[in-house]
file protein10.txt (compact mmCIF, C-alpha atoms)
# COMPACT_ATOMS: atom_id res chain seq x y z
CA MET A 1 83.14 85.59 97.00
CA PRO A 2 86.54 86.68 98.29
CA ILE A 3 89.43 84.84 96.70
CA ALA A 4 91.24 82.37 98.96
CA TYR A 5 94.68 83.83 98.28
CA ILE A 6 96.56 81.52 100.64
CA GLN A 7 95.18 78.47 98.86
CA ARG A 8 95.62 79.98 95.42
CA THR A 9 99.21 80.96 96.23
CA ARG A 10 99.94 77.37 97.23
CA GLU A 11 98.64 76.19 93.88
CA ARG A 12 100.39 78.89 91.89
CA TYR A 13 103.76 78.25 93.49
CA ALA A 14 103.37 74.53 94.07
CA GLU A 15 106.98 73.87 93.07
CA TYR A 16 108.34 76.19 95.78
CA PRO A 17 108.48 75.63 99.54
CA PRO A 18 105.21 76.93 101.01
CA TYR A 19 105.28 80.56 102.08
CA LYS A 20 104.98 80.98 105.82
CA TRP A 21 102.14 83.46 106.22
CA ALA A 22 102.02 85.60 109.30
CA VAL A 23 99.23 84.33 111.54
CA ASN A 24 98.36 86.46 114.53
CA THR A 25 95.78 85.50 117.09
CA GLU A 26 95.57 88.97 118.59
CA ALA A 27 95.58 92.46 117.21
CA PRO A 28 97.02 95.55 118.84
CA TRP A 29 94.58 98.34 119.53
CA ALA A 30 94.83 102.06 120.04
CA PRO A 31 91.51 103.86 120.30
CA LEU A 32 91.15 106.94 118.15
CA GLY A 33 90.62 109.64 120.71
CA LYS A 34 89.03 112.24 118.46
CA PRO A 35 86.96 112.52 115.28
CA LEU A 36 88.78 111.98 112.00
CA LYS A 37 88.08 115.58 111.02
CA ASP A 38 90.46 116.56 113.83
CA CYS A 39 93.09 113.91 113.04
CA ARG A 40 96.33 114.01 111.10
CA LEU A 41 96.22 111.05 108.72
CA ALA A 42 99.17 109.38 107.00
CA LEU A 43 99.12 107.21 103.90
CA LEU A 44 101.22 104.03 104.02
CA SER A 45 101.75 101.95 100.91
CA SER A 46 103.59 98.76 100.05
CA GLY A 47 103.32 99.74 96.38
CA GLY A 48 106.95 100.69 95.80
CA PHE A 49 106.18 104.33 95.06
CA TYR A 50 108.94 106.89 95.10
CA VAL A 51 109.43 110.35 93.68
CA GLU A 52 111.47 110.84 90.56
CA GLY A 53 114.93 111.81 91.75
CA GLN A 54 114.78 109.63 94.85
CA GLU A 55 116.68 106.37 94.84
CA PRO A 56 114.52 103.61 93.37
CA PHE A 57 113.87 100.48 95.40
CA GLY A 58 115.77 97.31 94.63
CA GLU A 59 115.65 93.60 95.32
CA SER A 60 115.26 92.61 98.99
CA ASP A 61 115.02 96.27 99.88
CA VAL A 62 113.83 97.06 103.41
CA SER A 63 114.19 100.83 103.09
CA TYR A 64 111.26 103.19 102.68
CA ARG A 65 110.61 106.48 100.93
CA LEU A 66 108.91 109.58 102.24
CA ILE A 67 106.71 111.08 99.55
CA PRO A 68 105.93 114.74 100.31
CA LYS A 69 102.20 115.34 100.45
CA GLU A 70 102.31 117.94 97.68
CA THR A 71 103.97 115.54 95.20
CA ARG A 72 102.36 115.53 91.77
CA LEU A 73 101.30 112.03 90.78
CA SER A 74 103.07 112.45 87.46
CA ASP A 75 106.33 112.69 89.41
CA LEU A 76 105.73 109.32 91.08
CA ARG A 77 107.53 106.20 89.95
CA ILE A 78 106.98 102.58 90.91
CA TYR A 79 109.68 100.02 91.51
CA HIS A 80 108.16 96.75 92.57
CA HIS A 81 108.50 93.18 91.42
CA GLY A 82 105.47 91.83 93.18
CA TYR A 83 102.31 93.18 91.62
CA ARG A 84 100.40 93.98 88.52
CA ASP A 85 100.84 97.71 88.42
CA ALA A 86 99.29 98.63 85.06
CA ASP A 87 96.30 100.36 86.67
CA ALA A 88 98.48 101.95 89.37
CA ASP A 89 100.60 103.17 86.48
CA ARG A 90 97.60 104.80 84.80
CA ASP A 91 96.15 106.20 88.01
CA PRO A 92 98.02 105.69 91.27
CA ASN A 93 94.90 106.69 93.20
CA CYS A 94 93.52 103.16 92.82
CA VAL A 95 96.12 102.03 95.33
CA PHE A 96 97.92 105.21 96.42
CA PRO A 97 95.07 107.70 96.83
CA LEU A 98 97.13 110.84 97.36
CA ASP A 99 94.86 113.05 95.22
CA ARG A 100 91.77 111.90 97.08
CA LEU A 101 93.36 112.45 100.50
CA ARG A 102 94.43 115.95 99.49
CA GLU A 103 90.83 116.64 98.51
CA PHE A 104 89.63 115.33 101.87
CA GLU A 105 92.12 117.54 103.65
CA ALA A 106 90.91 120.60 101.70
CA ALA A 107 87.28 119.68 102.42
CA GLY A 108 87.90 119.17 106.13
CA VAL A 109 87.00 115.46 106.08
CA ILE A 110 90.35 114.82 107.74
CA GLY A 111 92.04 117.33 109.97
CA ALA A 112 95.26 117.21 108.03
CA LEU A 113 97.23 114.98 105.76
CA ALA A 114 100.65 114.07 107.18
CA ASP A 115 103.58 115.90 105.63
CA ALA A 116 104.65 112.77 103.76
CA ALA A 117 103.26 109.43 102.70
CA VAL A 118 105.42 106.38 103.37
CA SER A 119 106.06 103.75 100.72
CA PHE A 120 108.07 100.55 100.62
CA VAL A 121 108.28 97.20 98.84
CA MET A 122 107.85 93.65 100.04
CA THR A 123 110.76 91.27 100.31
CA TYR A 124 110.62 87.51 100.55
CA SER A 125 111.96 87.64 104.10
CA PRO A 126 109.29 88.37 106.73
CA ARG A 127 112.07 88.75 109.30
CA ARG A 128 113.77 91.48 107.30
CA ASP A 129 110.43 93.13 106.52
CA LEU A 130 109.91 93.47 110.26
CA GLU A 131 113.12 95.52 110.60
CA ARG A 132 111.41 98.34 108.78
CA GLY A 133 108.28 98.61 110.94
CA PRO A 134 109.74 100.43 113.95
CA LYS A 135 111.51 102.92 111.67
CA ILE A 136 108.26 103.77 109.90
CA ALA A 137 106.46 104.02 113.25
CA ALA A 138 109.09 106.54 114.35
CA GLU A 139 108.52 108.58 111.18
CA LEU A 140 104.78 108.64 111.88
CA GLN A 141 105.38 109.79 115.43
CA ARG A 142 107.76 112.46 114.20
CA MET A 143 105.02 113.71 111.85
CA ARG A 144 102.58 113.69 114.80
CA VAL A 145 100.19 111.36 113.02
CA ASP A 146 96.96 110.33 114.75
CA ALA A 147 95.87 107.65 112.29
CA ALA A 148 97.33 105.77 109.35
CA LEU A 149 95.66 104.48 106.21
CA CYS A 150 97.62 101.40 105.14
CA VAL A 151 97.10 100.27 101.57
CA PRO A 152 98.87 97.03 100.65
CA VAL A 153 99.25 95.93 97.05
CA MET B 154 92.60 98.52 103.35
CA SER B 155 92.39 94.95 102.14
CA ALA B 156 91.47 93.13 98.96
CA ALA B 157 92.50 89.76 100.40
CA TRP B 158 90.15 88.73 103.15
CA ASP B 159 92.01 85.58 104.17
CA LEU B 160 95.41 87.29 104.37
CA THR B 161 94.03 90.15 106.41
CA PHE B 162 92.21 87.79 108.75
CA ALA B 163 95.47 85.90 109.30
CA VAL B 164 97.56 89.02 109.88
CA ARG B 165 94.87 90.61 112.05
CA PRO B 166 95.61 94.32 111.88
CA PRO B 167 93.82 96.50 114.46
CA ARG B 168 91.18 97.66 111.96
CA ALA B 169 90.63 96.55 108.41
CA VAL B 170 88.31 97.42 105.54
CA PHE B 171 87.74 94.78 102.89
CA VAL B 172 86.91 95.61 99.26
CA ASN B 173 86.41 92.60 97.01
CA PHE B 174 88.35 94.00 94.07
CA PRO B 175 91.38 92.47 92.34
CA LEU B 176 94.60 93.07 94.28
CA ASN B 177 96.14 96.46 93.63
CA HIS B 178 92.75 98.18 93.50
CA GLU B 179 92.17 98.50 97.23
CA THR B 180 91.02 102.11 96.92
CA GLY B 181 89.10 101.80 93.67
CA LYS B 182 89.36 101.60 89.92
CA ALA B 183 91.85 103.64 87.93
CA ASN B 184 90.52 106.94 86.63
CA ASP B 185 87.30 106.68 88.61
CA PRO B 186 87.73 109.39 91.24
CA ALA B 187 84.07 109.24 92.33
CA LEU B 188 84.39 105.56 93.21
CA GLN B 189 87.74 106.13 94.92
CA ARG B 190 86.17 108.88 96.99
CA ARG B 191 83.20 106.72 98.02
CA ILE B 192 85.39 103.78 99.00
CA LEU B 193 87.67 105.97 101.10
CA LEU B 194 84.79 107.77 102.83
CA ASP B 195 83.24 104.39 103.65
CA ALA B 196 86.60 103.11 104.85
CA PHE B 197 87.01 106.07 107.17
CA ARG B 198 83.89 104.90 108.98
CA ALA B 199 85.94 101.98 110.26
CA PHE B 200 87.57 104.43 112.64
CA GLU B 201 84.16 105.12 114.17
CA THR B 202 82.39 101.78 113.87
CA LEU B 203 84.99 99.09 114.58
CA TRP B 204 85.15 98.72 118.33
CA ALA B 205 87.37 95.71 119.00
CA PRO B 206 90.83 94.77 117.72
CA GLY B 207 90.93 92.62 114.59
CA GLN B 208 87.50 93.43 113.20
CA ILE B 209 87.08 93.66 109.42
CA LEU B 210 84.53 95.97 107.83
CA THR B 211 83.38 94.63 104.46
CA LEU B 212 82.29 97.20 101.89
CA PRO B 213 79.59 96.24 99.38
CA TYR B 214 81.36 97.26 96.16
CA VAL B 215 81.40 94.78 93.28
CA TRP B 216 84.13 94.96 90.66
CA ASP B 217 81.85 94.01 87.75
CA PRO B 218 78.26 93.06 88.58
CA ALA B 219 77.85 91.47 85.14
CA ASP B 220 80.90 89.24 85.34
CA ARG B 221 82.37 87.81 88.51
CA SER B 222 84.53 85.26 86.70
CA TRP B 223 87.73 87.05 87.67
CA GLU B 224 87.23 85.64 91.15
CA ASP B 225 87.62 82.13 89.74
CA THR B 226 90.84 82.79 87.88
CA ASP B 227 92.70 85.77 89.28
CA PHE B 228 96.06 85.03 90.89
CA GLY B 229 95.79 81.47 89.61
CA PRO B 230 98.31 79.62 87.45
CA GLY B 231 99.07 81.36 84.18
CA VAL B 232 97.73 84.77 85.19
CA GLU B 233 100.45 87.36 84.57
CA LEU B 234 101.01 89.35 87.74
CA TYR B 235 104.45 90.75 87.85
CA GLY B 236 106.37 93.70 86.69
CA VAL B 237 109.97 94.36 87.51
CA GLY B 238 111.58 97.73 87.52
CA THR B 239 110.41 101.25 87.14
CA SER B 240 107.11 102.28 85.70
CA ILE B 241 104.47 104.93 85.77
CA GLN B 242 102.82 106.96 83.06
CA GLY B 243 103.92 104.88 80.11
CA GLY B 244 107.55 104.44 81.07
CA PHE B 245 109.79 101.42 81.18
CA GLY B 246 107.19 99.04 82.46
CA GLU B 247 104.58 98.98 79.73
CA ARG B 248 107.00 98.72 76.87
CA THR B 249 109.56 96.34 78.25
CA LEU B 250 107.25 93.95 79.99
CA GLY B 251 104.50 93.98 77.43
CA ARG B 252 101.98 94.66 80.12
CA ALA B 253 99.97 96.83 77.79
CA GLY B 254 99.02 93.61 76.02
CA ALA B 255 98.40 91.62 79.15
CA PRO B 256 94.81 90.84 80.08
CA GLN B 257 93.29 93.66 82.07
CA VAL B 258 91.10 92.96 85.03

call {"tool": "encode", "arguments": {"input": "protein10.txt", "output": "structure tokens"}}
result
Amino acid sequence: MPIAYIQRTRERYAEYPPYKWAVNTEAPWAPLGKPLKDCRLALLSSGGFYVEGQEPFGESDVSYRLIPKETRLSDLRIYHHGYRDADADRDPNCVFPLDRLREFEAAGVIGALADAAVSFVMTYSPRRDLERGPKIAAELQRMRVDAALCVPV
Amino acid sequence: MSAAWDLTFAVRPPRAVFVNFPLNHETGKANDPALQRRILLDAFRAFETLWAPGQILTLPYVWDPADRSWEDTDFGPGVELYGVGTSIQGGFGERTLGRAGAPQV
């Protein structure tokens, strides 16, 4: 059975004020106008990935990093204070499947992989987290992305 | 991608694909490229099969068919979840935080 994370989070952090989860009653919708094999796909990750040499993330950080699609996974780093990253450390593809998406691009499963993946970290301020969304959307438009694969951690 | 059905249902993204794996394994297990590939190919079908905003496609993968006890304990009190700082490929994280010795799921 799926874990009830909202309930379990309440129990785990019982001594803190309850987190105010986002609850939406409607979802936006944009139909995908063509088959995925003709689409440019972008990878989005909240896993705190960046490339060695880029500025690491920090506390309450609402910036994001563009990770060029040809980046070797061994050049990736993680800065994140919110998840158990031991497996992501061993093999980022379990939550940042850049190798797999490159294979799909080569095999023609997707039309193209966007020039860069986008990665960021969570903060404890939903309001500040929302500041980042439009900036990332603009990056995706700039890269002429048709579809995005969002992988939260 | 989602590994937290209740959170995803609350947030209601346009399209979602649920995999009942521990958090941070939304696209598979580490060092199992065949599984990662299968999960992603299945997930891509959401683009073709989900037809109304907010639908969630649930994939049938099971983390460990012989032992589902992680579902009873994971993310609960006393389960170590956090790292702080920089890690990947045996760097700061494993050594400083002792995560190498932490229970693996």

call {"tool": "residues_around", "arguments": {"input": "protein10.txt", "residues": "Phe200 in chain B", "least_positions_apart": "2", "cutoff": "9 Å", "atoms": "all atoms listed in the file", "output": "list in words"}}
result
Pro31, Leu32, Pro35, Leu36 and Ala147 of chain A; Arg168, Ala196, Phe197, Arg198, Thr202, Leu203 and Trp204 of chain B

call {"tool": "residues_around", "arguments": {"input": "protein10.txt", "residues": "Thr123 in chain A", "least_positions_apart": "5", "cutoff": "9 Å", "atoms": "all atoms listed in the file", "output": "number ranges by chain"}}
result
A: 59-62, 82, 128-129

call {"tool": "interface_residues", "arguments": {"input": "protein10.txt", "of": "chain B", "to": "chain A", "cutoff": "7 Å", "atoms": "only C-alpha atoms", "output": "VMD selection string"}}
result
chain B and resid 154 to 155 157 to 160 163 to 167 173 176 to 184 189 to 190 206 to 207 224 228 to 230 234 to 242 252

call {"tool": "write_last_selection", "arguments": {"input": "protein10.txt", "atoms": "C-alpha atoms", "output": "CSV table (one decimal), keeping the file's coordinate frame"}}
result
chain,number,residue,atom,x,y,z
B,154,MET,CA,92.6,98.5,103.4
B,155,SER,CA,92.4,95.0,102.1
B,157,ALA,CA,92.5,89.8,100.4
B,158,TRP,CA,90.2,88.7,103.2
B,159,ASP,CA,92.0,85.6,104.2
B,160,LEU,CA,95.4,87.3,104.4
B,163,ALA,CA,95.5,85.9,109.3
B,164,VAL,CA,97.6,89.0,109.9
B,165,ARG,CA,94.9,90.6,112.0
B,166,PRO,CA,95.6,94.3,111.9
B,167,PRO,CA,93.8,96.5,114.5
B,173,ASN,CA,86.4,92.6,97.0
B,176,LEU,CA,94.6,93.1,94.3
B,177,ASN,CA,96.1,96.5,93.6
B,178,HIS,CA,92.8,98.2,93.5
B,179,GLU,CA,92.2,98.5,97.2
B,180,THR,CA,91.0,102.1,96.9
B,181,GLY,CA,89.1,101.8,93.7
B,182,LYS,CA,89.4,101.6,89.9
B,183,ALA,CA,91.8,103.6,87.9
B,184,ASN,CA,90.5,106.9,86.6
B,189,GLN,CA,87.7,106.1,94.9
B,190,ARG,CA,86.2,108.9,97.0
B,206,PRO,CA,90.8,94.8,117.7
B,207,GLY,CA,90.9,92.6,114.6
B,224,GLU,CA,87.2,85.6,91.2
B,228,PHE,CA,96.1,85.0,90.9
B,229,GLY,CA,95.8,81.5,89.6
B,230,PRO,CA,98.3,79.6,87.4
B,234,LEU,CA,101.0,89.4,87.7
B,235,TYR,CA,104.4,90.8,87.8
B,236,GLY,CA,106.4,93.7,86.7
B,237,VAL,CA,110.0,94.4,87.5
B,238,GLY,CA,111.6,97.7,87.5
B,239,THR,CA,110.4,101.2,87.1
B,240,SER,CA,107.1,102.3,85.7
B,241,ILE,CA,104.5,104.9,85.8
B,242,GLN,CA,102.8,107.0,83.1
B,252,ARG,CA,102.0,94.7,80.1

call {"tool": "atom_distance", "arguments": {"input": "protein10.txt", "atom1": "CA of Ala114 in chain A", "atom2": "CA of Ala148 in chain A"}}
result
9.2 Å

call {"tool": "axis_aligned_box", "arguments": {"input": "protein10.txt", "around": "range 71-77 of chain A", "padding_each_side": "4 Å", "output": "JSON"}}
result
{"center_x": 104.4, "center_y": 110.9, "center_z": 91.3, "size_x": 14.2, "size_y": 17.3, "size_z": 15.7}

call {"tool": "atom_distance", "arguments": {"input": "protein10.txt", "atom1": "CA of Pro68 in chain A", "atom2": "CA of Ala169 in chain B"}}
result
25.1 Å

call {"tool": "atom_distance", "arguments": {"input": "protein10.txt", "atom1": "CA of Gly231 in chain B", "atom2": "CA of Trp216 in chain B"}}
result
21.2 Å

call {"tool": "closest_residue", "arguments": {"input": "protein10.txt", "among": "B:Val232, B:Ala156, B:Leu210, B:Ala199", "to": "Val172 in chain B", "atoms": "all atoms listed in the file"}}
result
B:Ala156

call {"tool": "residues_around", "arguments": {"input": "protein10.txt", "residues": "Lys69 in chain A", "least_positions_apart": "5", "cutoff": "7 Å", "atoms": "all atoms listed in the file", "output": "PyMOL selection string"}}
result
chain A and resi 115-117

call {"tool": "write_last_selection", "arguments": {"input": "protein10.txt", "atoms": "C-alpha atoms", "output": "JSON list (two decimals), in the coordinates of the input"}}
result
[["chain", "number", "residue", "atom", "x", "y", "z"],
["A", 115, "ASP", "CA", 103.58, 115.90, 105.63],
["A", 116, "ALA", "CA", 104.65, 112.77, 103.76],
["A", 117, "ALA", "CA", 103.26, 109.43, 102.70]]

call {"tool": "residues_around", "arguments": {"input": "protein10.txt", "residues": "Arg65 in chain A", "least_positions_apart": "5", "cutoff": "7 Å", "atoms": "only C-alpha atoms", "output": "list in words"}}
result
Tyr50, Val118, Ser119 and Phe120 of chain A

call {"tool": "write_last_selection", "arguments": {"input": "protein10.txt", "atoms": "C-alpha atoms", "output": "PDB file, in the coordinates of the input"}}
result
ATOM      1  CA  TYR A  50     108.940 106.890  95.100  1.00  0.00           C
ATOM      2  CA  VAL A 118     105.420 106.380 103.370  1.00  0.00           C
ATOM      3  CA  SER A 119     106.060 103.750 100.720  1.00  0.00           C
ATOM      4  CA  PHE A 120     108.070 100.550 100.620  1.00  0.00           C
TER       5      PHE A 120
END
